[in-house]
file entry_27.txt (compact mmCIF, C-alpha atoms (C1' of nucleotides))
# COMPACT_ATOMS: atom_id res chain seq x y z
CA MET A 1 -83.54 -77.68 114.95
CA ALA A 2 -81.39 -79.68 117.34
CA LEU A 3 -84.08 -80.08 119.98
CA GLU A 4 -84.80 -83.53 118.57
CA HIS A 5 -81.18 -84.45 119.06
CA ALA A 6 -80.96 -83.01 122.55
CA ILE A 7 -84.03 -85.07 123.50
CA LEU A 8 -82.52 -88.18 121.93
CA VAL A 9 -79.32 -87.75 123.93
CA SER A 10 -81.29 -87.28 127.11
CA LEU A 11 -83.41 -90.36 126.40
CA LEU A 12 -80.32 -92.43 125.60
CA GLU A 13 -78.79 -91.37 128.90
CA ARG A 14 -82.06 -92.37 130.58
CA PRO A 15 -85.62 -93.01 129.27
CA GLY A 16 -88.35 -90.79 130.63
CA SER A 17 -91.70 -89.09 130.12
CA GLY A 18 -92.24 -85.67 128.57
CA TYR A 19 -92.68 -84.22 132.00
CA GLU A 20 -89.45 -85.73 133.28
CA LEU A 21 -87.61 -84.49 130.21
CA ALA A 22 -88.95 -80.99 130.79
CA ARG A 23 -87.50 -81.04 134.29
CA ARG A 24 -84.16 -82.37 133.11
CA PHE A 25 -84.11 -79.51 130.61
CA ASP A 26 -84.64 -77.13 133.51
CA ARG A 27 -81.60 -78.57 135.23
CA SER A 28 -78.62 -80.34 133.68
CA ILE A 29 -79.16 -80.43 129.93
CA GLY A 30 -81.05 -77.16 129.95
CA ARG A 31 -77.82 -75.35 130.73
CA PHE A 32 -76.79 -76.09 127.16
CA TRP A 33 -80.14 -76.36 125.42
CA SER A 34 -83.26 -74.88 126.96
CA ALA A 35 -86.83 -75.87 126.10
CA THR A 36 -90.32 -75.57 127.58
CA HIS A 37 -92.63 -78.50 128.21
CA GLN A 38 -94.82 -77.48 125.28
CA GLN A 39 -91.98 -77.75 122.82
CA ILE A 40 -90.90 -81.05 124.26
CA TYR A 41 -94.37 -82.63 124.04
CA ARG A 42 -94.82 -81.48 120.46
CA VAL A 43 -91.41 -82.67 119.35
CA LEU A 44 -91.86 -86.00 121.15
CA ARG A 45 -95.07 -86.65 119.22
CA ARG A 46 -93.35 -85.85 115.95
CA MET A 47 -90.40 -88.06 116.85
CA GLU A 48 -92.73 -90.91 117.74
CA ALA A 49 -94.48 -90.53 114.38
CA ASP A 50 -91.07 -90.66 112.67
CA GLY A 51 -90.09 -93.77 114.60
CA TRP A 52 -87.19 -92.06 116.38
CA VAL A 53 -88.57 -92.91 119.82
CA ARG A 54 -90.88 -95.54 121.28
CA ALA A 55 -93.54 -94.71 123.89
CA GLU A 56 -94.84 -96.97 126.61
CA GLU A 57 -97.91 -96.08 128.68
CA VAL A 58 -97.20 -96.49 132.37
CA ALA A 59 -100.07 -96.49 134.88
CA GLN A 60 -99.25 -94.98 138.26
CA ASP A 61 -101.27 -94.91 141.46
CA GLY A 62 -101.78 -91.61 143.18
CA ARG A 63 -100.78 -89.66 140.10
CA PRO A 64 -101.64 -89.41 136.40
CA ASP A 65 -100.52 -92.03 133.91
CA LYS A 66 -97.43 -91.17 131.97
CA LYS A 67 -95.88 -92.07 128.64
CA VAL A 68 -92.29 -93.20 129.03
CA TYR A 69 -90.24 -92.61 125.91
CA SER A 70 -87.03 -94.32 124.89
CA ALA A 71 -84.77 -93.91 121.87
CA ALA A 72 -85.38 -96.33 118.99
CA PRO A 73 -82.78 -97.55 116.46
CA PRO A 74 -83.83 -95.03 113.75
CA GLY A 75 -83.29 -92.32 116.33
CA ARG A 76 -79.79 -93.58 117.07
CA ASP A 77 -79.07 -93.61 113.34
CA ALA A 78 -80.33 -90.05 112.97
CA LEU A 79 -78.12 -88.99 115.86
CA ALA A 80 -75.06 -90.68 114.35
CA ALA A 81 -75.73 -88.93 111.03
CA TRP A 82 -76.16 -85.60 112.81
CA LEU A 83 -72.76 -86.03 114.50
CA ARG A 84 -71.16 -86.03 111.07
CA GLU A 85 -72.93 -82.90 109.85
CA PRO A 86 -71.08 -79.58 109.92
CA VAL A 87 -71.21 -77.67 113.20
CA GLU A 88 -72.66 -74.27 112.35
CA PRO A 89 -71.32 -71.29 114.29
CA GLU A 90 -73.68 -70.49 117.16
CA THR A 91 -76.17 -67.68 116.71
CA VAL A 92 -75.23 -65.32 119.49
CA ARG A 93 -77.82 -63.31 121.38
CA HIS A 94 -75.92 -61.44 124.00
CA GLU A 95 -78.38 -58.99 125.47
CA LEU A 96 -75.98 -57.59 128.04
CA ALA A 97 -73.48 -56.59 125.35
CA VAL A 98 -76.21 -54.60 123.61
CA ARG A 99 -77.17 -52.94 126.88
CA ILE A 100 -73.61 -51.94 127.64
CA ARG A 101 -73.29 -50.21 124.30
CA ALA A 102 -76.69 -48.63 124.90
CA ALA A 103 -75.45 -47.20 128.20
CA ALA A 104 -73.30 -44.74 126.26
CA PHE A 105 -76.49 -42.90 125.26
CA ASP A 106 -77.93 -42.78 128.76
CA ASP A 107 -76.55 -42.83 132.30
CA PRO A 108 -73.96 -45.66 132.55
CA ALA A 109 -74.56 -45.81 136.32
CA ALA A 110 -78.17 -46.89 135.70
CA LEU A 111 -76.89 -50.23 134.44
CA ILE A 112 -74.75 -51.03 137.48
CA PRO A 113 -77.42 -52.59 139.73
CA GLU A 114 -78.60 -54.94 136.99
CA VAL A 115 -75.07 -56.00 136.09
CA GLU A 116 -74.44 -56.72 139.78
CA ARG A 117 -77.59 -58.86 139.96
CA HIS A 118 -76.55 -60.64 136.80
CA ARG A 119 -73.11 -61.27 138.30
CA GLU A 120 -74.67 -62.89 141.36
CA GLY A 121 -76.57 -65.28 139.10
CA HIS A 122 -73.39 -66.35 137.35
CA ALA A 123 -71.54 -66.73 140.65
CA ALA A 124 -74.32 -68.99 141.96
CA LEU A 125 -74.25 -71.06 138.80
CA LEU A 126 -70.48 -71.50 139.01
CA ALA A 127 -70.88 -72.70 142.61
CA ARG A 128 -73.50 -75.23 141.48
CA TYR A 129 -71.27 -76.47 138.67
CA LEU A 130 -68.30 -76.87 141.01
CA HIS A 131 -70.45 -78.69 143.55
CA GLY A 132 -71.82 -80.96 140.82
CA GLU A 133 -68.29 -81.68 139.64
CA GLN A 134 -67.20 -82.74 143.14
CA ARG A 135 -70.28 -84.92 143.48
CA ASP A 136 -70.33 -86.57 140.05
CA PHE A 137 -66.68 -86.75 139.04
CA PRO A 138 -64.61 -87.19 142.19
CA ALA A 139 -62.47 -89.84 140.50
CA ALA A 140 -61.66 -87.70 137.45
CA ALA A 141 -57.93 -87.55 138.30
CA THR A 142 -57.53 -91.34 138.34
CA PRO A 143 -56.86 -92.64 134.81
CA GLY A 144 -59.41 -95.16 133.66
CA ALA A 145 -61.85 -94.43 136.48
CA LEU A 146 -64.48 -92.91 134.18
CA ASP A 147 -66.16 -94.46 131.17
CA ALA A 148 -66.53 -92.67 127.84
CA GLY A 149 -69.95 -91.21 128.65
CA GLU A 150 -68.78 -89.82 131.96
CA ARG A 151 -65.64 -88.36 130.48
CA LEU A 152 -67.66 -86.58 127.80
CA GLN A 153 -70.18 -85.27 130.32
CA HIS A 154 -67.25 -84.06 132.40
CA VAL A 155 -65.60 -82.18 129.56
CA VAL A 156 -68.90 -80.43 128.83
CA LEU A 157 -69.19 -79.50 132.49
CA ARG A 158 -65.63 -78.16 132.47
CA GLY A 159 -66.70 -75.95 129.57
CA GLY A 160 -69.57 -74.62 131.66
CA ILE A 161 -67.22 -73.94 134.57
CA GLU A 162 -64.69 -72.10 132.43
CA TYR A 163 -67.46 -70.12 130.78
CA GLU A 164 -68.75 -68.98 134.16
CA ARG A 165 -65.28 -68.11 135.43
CA MET A 166 -64.57 -66.06 132.31
CA THR A 167 -67.97 -64.35 132.53
CA LEU A 168 -67.42 -63.39 136.18
CA ALA A 169 -64.04 -61.88 135.36
CA TRP A 170 -65.54 -59.98 132.45
CA LEU A 171 -68.47 -58.71 134.52
CA ASP A 172 -65.96 -57.35 137.05
CA ASP A 173 -64.25 -55.58 134.17
CA VAL A 174 -67.62 -54.20 133.03
CA LEU A 175 -68.51 -53.03 136.53
CA ALA A 176 -65.14 -51.33 136.98
CA THR A 177 -65.63 -49.52 133.66
CA LEU A 178 -69.18 -48.44 134.50
CA ARG A 179 -68.12 -47.18 137.94
CA GLU A 180 -65.22 -45.19 136.54
CA LEU A 181 -67.55 -43.59 134.01
CA ALA A 182 -70.09 -42.83 136.74
CA ASP A 183 -67.41 -41.28 138.99
CA GLY A 184 -65.86 -39.31 136.18
CA ARG A 185 -69.23 -37.87 135.32
CA ASP A 186 -70.04 -36.78 138.90
CA ALA A 187 -66.66 -35.97 140.45
CA PRO A 188 -65.42 -33.09 138.29
CA GLY A 189 -68.90 -31.55 138.29
CA ALA A 190 -70.57 -29.30 140.86
CA GLY A 191 -70.50 -32.08 143.42
CA HIS A 192 -74.22 -31.72 144.19
CA MET B 1 -87.52 -58.93 121.85
CA ALA B 2 -84.33 -56.87 122.09
CA LEU B 3 -83.86 -56.52 118.34
CA GLU B 4 -85.54 -53.11 118.52
CA HIS B 5 -83.02 -52.05 121.10
CA ALA B 6 -80.04 -53.40 119.21
CA ILE B 7 -81.19 -51.46 116.14
CA LEU B 8 -81.66 -48.32 118.21
CA VAL B 9 -78.12 -48.58 119.58
CA SER B 10 -76.75 -49.09 116.09
CA LEU B 11 -78.70 -46.09 114.77
CA LEU B 12 -77.57 -43.92 117.67
CA GLU B 13 -73.97 -44.85 116.94
CA ARG B 14 -74.62 -43.97 113.28
CA PRO B 15 -77.82 -43.49 111.22
CA GLY B 16 -78.28 -45.82 108.27
CA SER B 17 -80.64 -47.64 105.93
CA GLY B 18 -82.08 -51.08 106.54
CA TYR B 19 -79.56 -52.52 104.16
CA GLU B 20 -76.64 -50.86 105.93
CA LEU B 21 -77.95 -52.08 109.28
CA ALA B 22 -78.16 -55.60 107.94
CA ARG B 23 -74.50 -55.45 106.98
CA ARG B 24 -73.49 -53.99 110.33
CA PHE B 25 -75.33 -56.89 111.94
CA ASP B 26 -73.27 -59.24 109.82
CA ARG B 27 -70.12 -57.66 111.17
CA SER B 28 -69.61 -55.80 114.45
CA ILE B 29 -72.96 -55.78 116.25
CA GLY B 30 -73.96 -59.13 114.80
CA ARG B 31 -71.31 -60.79 116.96
CA PHE B 32 -73.60 -60.07 119.90
CA TRP B 33 -77.01 -59.98 118.29
CA SER B 34 -77.58 -61.54 114.88
CA ALA B 35 -80.44 -60.71 112.52
CA THR B 36 -81.34 -61.13 108.85
CA HIS B 37 -82.33 -58.27 106.56
CA GLN B 38 -85.95 -59.44 106.62
CA GLN B 39 -86.23 -59.10 110.35
CA ILE B 40 -84.55 -55.71 110.27
CA TYR B 41 -86.86 -54.28 107.60
CA ARG B 42 -89.94 -55.51 109.41
CA VAL B 43 -88.84 -54.19 112.80
CA LEU B 44 -87.79 -50.85 111.28
CA ARG B 45 -91.27 -50.35 109.84
CA ARG B 46 -92.83 -51.13 113.21
CA MET B 47 -90.42 -48.79 114.97
CA GLU B 48 -91.20 -46.02 112.51
CA ALA B 49 -94.94 -46.52 113.14
CA ASP B 50 -94.27 -46.31 116.88
CA GLY B 51 -92.25 -43.13 116.43
CA TRP B 52 -89.00 -44.67 117.73
CA VAL B 53 -87.14 -43.83 114.54
CA ARG B 54 -87.46 -41.28 111.76
CA ALA B 55 -86.94 -42.19 108.09
CA GLU B 56 -85.62 -39.96 105.35
CA GLU B 57 -85.75 -40.93 101.69
CA VAL B 58 -82.38 -40.43 100.04
CA ALA B 59 -82.08 -40.50 96.25
CA GLN B 60 -78.84 -41.92 94.93
CA ASP B 61 -77.47 -41.99 91.42
CA GLY B 62 -76.29 -45.24 90.01
CA ARG B 63 -78.09 -47.23 92.70
CA PRO B 64 -81.57 -47.56 94.20
CA ASP B 65 -82.99 -44.96 96.56
CA LYS B 66 -82.68 -45.75 100.22
CA LYS B 67 -84.45 -44.84 103.43
CA VAL B 68 -82.00 -43.58 106.04
CA TYR B 69 -83.27 -44.13 109.57
CA SER B 70 -82.21 -42.30 112.69
CA ALA B 71 -83.25 -42.67 116.32
CA ALA B 72 -86.01 -40.32 117.51
CA PRO B 73 -86.50 -39.02 121.09
CA PRO B 74 -89.22 -41.63 121.93
CA GLY B 75 -86.72 -44.30 120.88
CA ARG B 76 -84.08 -42.89 123.20
CA ASP B 77 -86.64 -42.88 126.01
CA ALA B 78 -87.56 -46.48 125.31
CA LEU B 79 -83.89 -47.42 125.35
CA ALA B 80 -83.33 -45.65 128.68
CA ALA B 81 -86.32 -47.48 130.17
CA TRP B 82 -85.03 -50.78 128.83
CA LEU B 83 -81.65 -50.20 130.51
CA ARG B 84 -83.45 -50.19 133.87
CA GLU B 85 -85.35 -53.42 133.25
CA PRO B 86 -84.05 -56.67 134.74
CA VAL B 87 -81.43 -58.52 132.70
CA GLU B 88 -82.85 -61.99 132.10
CA PRO B 89 -80.37 -64.87 132.08
CA GLU B 90 -79.45 -65.72 128.50
CA THR B 91 -81.19 -68.65 126.84
CA VAL B 92 -78.30 -70.92 125.99
CA ARG B 93 -78.27 -72.99 122.81
CA HIS B 94 -74.96 -74.72 122.80
CA GLU B 95 -75.17 -77.23 119.99
CA LEU B 96 -71.62 -78.48 120.39
CA ALA B 97 -72.23 -79.46 124.02
CA VAL B 98 -75.18 -81.58 122.92
CA ARG B 99 -73.09 -83.21 120.21
CA ILE B 100 -70.29 -84.04 122.62
CA ARG B 101 -72.69 -85.83 124.91
CA ALA B 102 -74.21 -87.53 121.87
CA ALA B 103 -70.76 -88.85 120.91
CA ALA B 104 -70.95 -91.27 123.86
CA PHE B 105 -73.58 -93.24 121.90
CA ASP B 106 -71.63 -93.33 118.67
CA ASP B 107 -67.98 -93.15 117.65
CA PRO B 108 -66.36 -90.21 119.50
CA ALA B 109 -63.70 -90.03 116.77
CA ALA B 110 -66.41 -89.10 114.26
CA LEU B 111 -66.77 -85.75 115.95
CA ILE B 112 -63.09 -84.79 115.82
CA PRO B 113 -62.96 -83.28 112.28
CA GLU B 114 -65.96 -81.05 112.95
CA VAL B 115 -64.59 -79.86 116.29
CA GLU B 116 -61.31 -79.04 114.55
CA ARG B 117 -63.12 -77.04 111.89
CA HIS B 118 -65.10 -75.27 114.58
CA ARG B 119 -61.87 -74.48 116.42
CA GLU B 120 -60.42 -72.85 113.30
CA GLY B 121 -63.45 -70.60 113.09
CA HIS B 122 -62.98 -69.42 116.66
CA ALA B 123 -59.26 -68.90 116.15
CA ALA B 124 -59.97 -66.75 113.09
CA LEU B 125 -62.54 -64.73 115.02
CA LEU B 126 -60.11 -64.13 117.88
CA ALA B 127 -57.54 -62.89 115.39
CA ARG B 128 -60.11 -60.50 113.93
CA TYR B 129 -61.07 -59.21 117.36
CA LEU B 130 -57.43 -58.62 118.31
CA HIS B 131 -56.78 -56.85 115.04
CA GLY B 132 -59.88 -54.71 115.55
CA GLU B 133 -58.73 -53.84 119.06
CA GLN B 134 -55.33 -52.68 117.79
CA ARG B 135 -56.99 -50.62 115.09
CA ASP B 136 -59.84 -49.04 117.07
CA PHE B 137 -58.45 -48.73 120.58
CA PRO B 138 -54.69 -48.13 120.33
CA ALA B 139 -54.90 -45.43 123.03
CA ALA B 140 -56.74 -47.60 125.55
CA ALA B 141 -53.80 -47.58 128.00
CA THR B 142 -53.69 -43.77 128.22
CA PRO B 143 -56.17 -42.51 130.84
CA GLY B 144 -58.74 -40.13 129.45
CA ALA B 145 -57.91 -40.90 125.83
CA LEU B 146 -61.25 -42.60 125.14
CA ASP B 147 -64.73 -41.18 125.59
CA ALA B 148 -67.54 -43.07 127.32
CA GLY B 149 -68.91 -44.65 124.14
CA GLU B 150 -65.49 -45.91 123.10
CA ARG B 151 -64.72 -47.28 126.55
CA LEU B 152 -68.00 -49.18 126.59
CA GLN B 153 -67.44 -50.54 123.08
CA HIS B 154 -63.97 -51.59 124.18
CA VAL B 155 -65.18 -53.47 127.25
CA VAL B 156 -67.68 -55.36 125.09
CA LEU B 157 -64.88 -56.22 122.67
CA ARG B 158 -62.70 -57.42 125.56
CA GLY B 159 -65.57 -59.74 126.49
CA GLY B 160 -65.57 -61.14 122.98
CA ILE B 161 -61.81 -61.65 123.10
CA GLU B 162 -61.94 -63.42 126.47
CA TYR B 163 -64.83 -65.58 125.28
CA GLU B 164 -62.86 -66.68 122.23
CA ARG B 165 -59.72 -67.39 124.25
CA MET B 166 -61.72 -69.48 126.72
CA THR B 167 -63.50 -71.30 123.92
CA LEU B 168 -60.23 -72.16 122.19
CA ALA B 169 -58.78 -73.56 125.42
CA TRP B 170 -61.94 -75.58 126.02
CA LEU B 171 -61.99 -76.92 122.45
CA ASP B 172 -58.41 -78.14 122.96
CA ASP B 173 -59.61 -79.91 126.09
CA VAL B 174 -62.49 -81.43 124.11
CA LEU B 175 -60.18 -82.57 121.32
CA ALA B 176 -57.74 -84.12 123.79
CA THR B 177 -60.61 -86.01 125.41
CA LEU B 178 -62.03 -87.21 122.10
CA ARG B 179 -58.59 -88.34 120.92
CA GLU B 180 -57.89 -90.25 124.11
CA LEU B 181 -61.24 -91.99 123.80
CA ALA B 182 -60.57 -92.80 120.15
CA ASP B 183 -57.10 -94.20 120.94
CA GLY B 184 -58.33 -96.17 123.93
CA ARG B 185 -61.00 -97.73 121.78
CA ASP B 186 -58.59 -98.83 119.03
CA ALA B 187 -55.32 -99.50 120.85
CA PRO B 188 -56.26 -102.40 123.14
CA GLY B 189 -58.26 -104.04 120.36
CA ALA B 190 -57.11 -106.33 117.53
CA GLY B 191 -55.05 -103.50 116.02
CA HIS B 192 -56.56 -103.95 112.56
C1' DC C 1 -73.15 -60.12 75.66
C1' DT C 2 -74.31 -62.75 79.11
C1' DT C 3 -73.57 -64.25 83.65
C1' DG C 4 -73.18 -63.12 88.15
C1' DC C 5 -72.63 -59.93 91.97
C1' DC C 6 -73.85 -55.55 94.54
C1' DT C 7 -77.22 -52.18 96.30
C1' DA C 8 -81.86 -51.76 98.17
C1' DT C 9 -86.38 -53.12 99.47
C1' DG C 10 -90.03 -56.13 100.13
C1' DC C 11 -93.95 -60.21 100.06
C1' DA C 12 -95.45 -64.85 101.35
C1' DA C 13 -95.06 -69.00 103.59
C1' DC C 14 -93.16 -71.51 106.87
C1' DT C 15 -91.00 -73.29 111.25
C1' DC C 16 -89.60 -72.48 115.90
C1' DG C 17 -90.60 -71.00 120.40
C1' DT C 18 -93.47 -68.72 124.03
C1' DT C 19 -97.63 -67.70 126.72
C1' DG C 20 -101.98 -68.43 128.50
C1' DC C 21 -105.14 -71.52 129.62
C1' DA C 22 -107.39 -76.17 130.74
C1' DT C 23 -107.90 -80.68 132.89
C1' DA C 24 -107.62 -83.69 136.84
C1' DG C 25 -106.48 -86.35 140.86
C1' DA C 26 -103.55 -86.33 145.14
C1' DA C 27 -100.99 -84.22 148.91
C1' DG C 28 -100.13 -80.77 152.37
C1' DG C 29 -100.64 -76.54 154.91
C1' DA C 30 -103.59 -72.32 156.79
C1' DT D 1 -112.31 -76.31 154.24
C1' DC D 2 -110.05 -74.01 151.00
C1' DC D 3 -105.86 -72.82 148.76
C1' DT D 4 -101.77 -74.01 146.79
C1' DT D 5 -98.47 -77.16 144.87
C1' DC D 6 -97.05 -81.23 142.35
C1' DT D 7 -97.56 -84.65 138.63
C1' DA D 8 -98.80 -85.18 133.78
C1' DT D 9 -100.54 -83.91 129.37
C1' DG D 10 -102.35 -81.03 126.02
C1' DC D 11 -104.90 -77.06 122.89
C1' DA D 12 -104.92 -72.49 120.81
C1' DA D 13 -103.00 -68.31 119.64
C1' DC D 14 -99.38 -65.51 119.02
C1' DG D 15 -94.73 -63.66 118.15
C1' DA D 16 -90.02 -64.34 116.59
C1' DG D 17 -87.05 -65.86 113.09
C1' DT D 18 -85.89 -68.24 108.59
C1' DT D 19 -86.14 -69.28 103.64
C1' DG D 20 -87.39 -68.63 99.10
C1' DC D 21 -88.49 -65.62 95.87
C1' DA D 22 -89.20 -61.02 93.30
C1' DT D 23 -87.86 -56.54 91.54
C1' DA D 24 -84.60 -53.53 89.34
C1' DG D 25 -80.76 -50.86 87.83
C1' DG D 26 -75.59 -50.75 87.70
C1' DC D 27 -71.11 -52.75 87.44
C1' DA D 28 -67.39 -55.88 86.38
C1' DA D 29 -65.44 -60.16 84.52
C1' DG D 30 -65.25 -63.66 81.18
call {"tool": "encode", "arguments": {"input": "entry_27.txt", "output": "C-alpha cells"}}
result
Amino acid sequence: MALEHAILVSLLERPGSGYELARRFDRSIGRFWSATHQQIYRVLRRMEADGWVRAEEVAQDGRPDKKVYSAAPPGRDALAAWLREPVEPETVRHELAVRIRAAAFDDPAALIPEVERHREGHAALLARYLHGEQRDFPAAATPGALDAGERLQHVVLRGGIEYERMTLAWLDDVLATLRELADGRDAPGAGH
Amino acid sequence: MALEHAILVSLLERPGSGYELARRFDRSIGRFWSATHQQIYRVLRRMEADGWVRAEEVAQDGRPDKKVYSAAPPGRDALAAWLREPVEPETVRHELAVRIRAAAFDDPAALIPEVERHREGHAALLARYLHGEQRDFPAAATPGALDAGERLQHVVLRGGIEYERMTLAWLDDVLATLRELADGRDAPGAGH
DNA sequence: CTTGCCTATGCAACTCGTTGCATAGAAGGA
DNA sequence: TCCTTCTATGCAACGAGTTGCATAGGCAAG
C-alpha cells in the first residue's frame, strides 16, 4: 500500500519516467521497497488519475518517447498526511529462518552451501553500501555540510549498513551451528 | 510460496489444527513468517489434497470439532527438497525507510512521535525474546545439553534478538537525526 | 439476560504482486 | 546478416494475501 508513497518520494527526489523509476527501484530505493515495472506503470496511471502526479510526454530521437512524471501538490499533501499515520509493524517474511528450523528434520549439513552463498550476497551488498557511503557522504563528519535531505538519506543508508553487518555476524553464527551439528552427527559414528 | 514449508515445519515440531497453527503464527513462528487464518486454512486443504499432510477429525466436548493435521512422508520429502533449493534474497519492504526519506519534503519533526512509538514496539519485542531465551534455553552454555532441533531454534532466536538490538540502536540514530533537524529548523529562526 | 469473547472453520470479494508475452526502433557484436 | 541487448510501455492471466462476513456452541462478566 505504500508503493504510491515510495514512488512519490522518488519523484520528489528527481522526476522520471516509469522506466527510470523501475531502474531506480532495482538500485537505491529498491533496497527498502522493491517493485517490478508492471506495478510501477499501473500505480503511476492510478496516481495520475488521482492528480498525485503530472505526466509530460517527452519525444526522444533514437529511442521511444517517454512520459516523465513529477509529483503534484495533491501528492505532496498525501505524503504529508501519510507521514502522520501510525507506522505499522513490518510483516516479516524471513525464509532463511524457516529453513533453519526445517533443517532439524533433515540433514543440517544440506543447508550449509546455500547459507554460504547467501552470506556472500550480503557481504557484497555491505561492500556496495560502504562504497556508496564514501562516494555520496564524504563530508558527513563536518557539521552543517549536509542538507536535511542528505542527512536523512544518510541515516537510512546507515541502517542498511548496520543491518548487513548484523546479518553477516548472524550468518556466521548459523554456519558455526550447522557445522557443529554436521560434525557431531558424523564424528561419533562409524566414520565411513 | 514458502507458507507451505513454514506450516510443514510447524506441524513437524507439533501437530495441530488450522486454528492452532494460526495462533502459533501469531506468536513464535509468525515473527519470521506471518499468515492469517484464511491463508492457513486454504493452504492446509491444498496440502492435504497433495498428500503433504494428513488430517484427523477430533471431536471435543464443550467446543467445536477440529481437524488435527500432521506432516506426511511426501511433505517431509518436499521439505527436504526445498532445503536444497537456492535461497533467494529477501524482498525488502521497509516502510520506515521510505517515510524517513519522505520527511525531507515535509516537517521532519512530524515523524518523531511515530518513530518513538515504533521504537517502543521493538523494545518490547526484544524483552520478550530475551525472556523466551531464558525460559527455553537456560542450558545453552552447557555443551551437549540441547538437541539439534533446540540448537537450531536457538540460533534463529539469537538472530531475532540481534535484529532487535540493531534496530533499536538505529532508531536512536534516526531520532537523534530527526531531532537535530527539527532544532536546526526552529532555533535560528524567529524563535516564535 | 444480554453482550462480548473464545474456539473452530469457512465463503466471497477484493487488492496486491508476479510472470509471460507483445510491440518497436536503435545499437552493437558474431 | 542475424542475434541479442537496451529503451520504453503495456495487456492478460494468474497467484498470493487481506478483509469482511457467517456460523455456532460455550463461557464469563456486567
call {"tool": "interface_residues", "arguments": {"input": "entry_27.txt", "of": "chain D", "to": "chain A", "cutoff": "10 Å", "atoms": "all atoms listed in the file", "output": "PyMOL selection string"}}
result
chain D and resi 6-10
call {"tool": "interface_residues", "arguments": {"input": "entry_27.txt", "of": "chain B", "to": "chain A", "cutoff": "7 Å", "atoms": "only C-alpha atoms", "output": "ChimeraX atom specification"}}
result
/B:6,9,31-34,80,83-84,86-87,91-94,97-102,104,106,110-111,114,118,148-149,152-153,155-156,159,162,166,170,174,181
call {"tool": "write_last_selection", "arguments": {"input": "entry_27.txt", "atoms": "C-alpha atoms", "output": "PDB file, keeping the file's coordinate frame"}}
result
ATOM      1  CA  ALA B   6     -80.040 -53.400 119.210  1.00  0.00           C
ATOM      2  CA  VAL B   9     -78.120 -48.580 119.580  1.00  0.00           C
ATOM      3  CA  ARG B  31     -71.310 -60.790 116.960  1.00  0.00           C
ATOM      4  CA  PHE B  32     -73.600 -60.070 119.900  1.00  0.00           C
ATOM      5  CA  TRP B  33     -77.010 -59.980 118.290  1.00  0.00           C
ATOM      6  CA  SER B  34     -77.580 -61.540 114.880  1.00  0.00           C
ATOM      7  CA  ALA B  80     -83.330 -45.650 128.680  1.00  0.00           C
ATOM      8  CA  LEU B  83     -81.650 -50.200 130.510  1.00  0.00           C
ATOM      9  CA  ARG B  84     -83.450 -50.190 133.870  1.00  0.00           C
ATOM     10  CA  PRO B  86     -84.050 -56.670 134.740  1.00  0.00           C
ATOM     11  CA  VAL B  87     -81.430 -58.520 132.700  1.00  0.00           C
ATOM     12  CA  THR B  91     -81.190 -68.650 126.840  1.00  0.00           C
ATOM     13  CA  VAL B  92     -78.300 -70.920 125.990  1.00  0.00           C
ATOM     14  CA  ARG B  93     -78.270 -72.990 122.810  1.00  0.00           C
ATOM     15  CA  HIS B  94     -74.960 -74.720 122.800  1.00  0.00           C
ATOM     16  CA  ALA B  97     -72.230 -79.460 124.020  1.00  0.00           C
ATOM     17  CA  VAL B  98     -75.180 -81.580 122.920  1.00  0.00           C
ATOM     18  CA  ARG B  99     -73.090 -83.210 120.210  1.00  0.00           C
ATOM     19  CA  ILE B 100     -70.290 -84.040 122.620  1.00  0.00           C
ATOM     20  CA  ARG B 101     -72.690 -85.830 124.910  1.00  0.00           C
ATOM     21  CA  ALA B 102     -74.210 -87.530 121.870  1.00  0.00           C
ATOM     22  CA  ALA B 104     -70.950 -91.270 123.860  1.00  0.00           C
ATOM     23  CA  ASP B 106     -71.630 -93.330 118.670  1.00  0.00           C
ATOM     24  CA  ALA B 110     -66.410 -89.100 114.260  1.00  0.00           C
ATOM     25  CA  LEU B 111     -66.770 -85.750 115.950  1.00  0.00           C
ATOM     26  CA  GLU B 114     -65.960 -81.050 112.950  1.00  0.00           C
ATOM     27  CA  HIS B 118     -65.100 -75.270 114.580  1.00  0.00           C
ATOM     28  CA  ALA B 148     -67.540 -43.070 127.320  1.00  0.00           C
ATOM     29  CA  GLY B 149     -68.910 -44.650 124.140  1.00  0.00           C
ATOM     30  CA  LEU B 152     -68.000 -49.180 126.590  1.00  0.00           C
ATOM     31  CA  GLN B 153     -67.440 -50.540 123.080  1.00  0.00           C
ATOM     32  CA  VAL B 155     -65.180 -53.470 127.250  1.00  0.00           C
ATOM     33  CA  VAL B 156     -67.680 -55.360 125.090  1.00  0.00           C
ATOM     34  CA  GLY B 159     -65.570 -59.740 126.490  1.00  0.00           C
ATOM     35  CA  GLU B 162     -61.940 -63.420 126.470  1.00  0.00           C
ATOM     36  CA  MET B 166     -61.720 -69.480 126.720  1.00  0.00           C
ATOM     37  CA  TRP B 170     -61.940 -75.580 126.020  1.00  0.00           C
ATOM     38  CA  VAL B 174     -62.490 -81.430 124.110  1.00  0.00           C
ATOM     39  CA  LEU B 181     -61.240 -91.990 123.800  1.00  0.00           C
TER      40      LEU B 181
END
call {"tool": "residues_around", "arguments": {"input": "entry_27.txt", "residues": "DT23 in chain D", "least_positions_apart": "5", "cutoff": "12 Å", "atoms": "all atoms listed in the file", "output": "list of chain:residue names"}}
result
B:Pro64, C:DA8, C:DT9, C:DG10, C:DC11
call {"tool": "interface_residues", "arguments": {"input": "entry_27.txt", "of": "chain C", "to": "chain A", "cutoff": "10 Å", "atoms": "all atoms listed in the file", "output": "number ranges by chain"}}
result
C: 15-18, 24-27
call {"tool": "atom_distance", "arguments": {"input": "entry_27.txt", "atom1": "C1' of DA12 in chain D", "atom2": "C1' of DA22 in chain C"}}
result
10.9 Å
call {"tool": "atom_distance", "arguments": {"input": "entry_27.txt", "atom1": "CA of Leu130 in chain B", "atom2": "CA of Glu164 in chain A"}}
result
22.1 Å
call {"tool": "closest_residue", "arguments": {"input": "entry_27.txt", "among": "B:Gly51, B:Val43, B:Gln60, B:Glu120", "to": "DG26 in chain D", "atoms": "only C-alpha atoms (C1' of nucleotides)"}}
result
B:Gln60
call {"tool": "atom_distance", "arguments": {"input": "entry_27.txt", "atom1": "CA of Tyr69 in chain B", "atom2": "CA of Ile40 in chain B"}}
result
11.7 Å
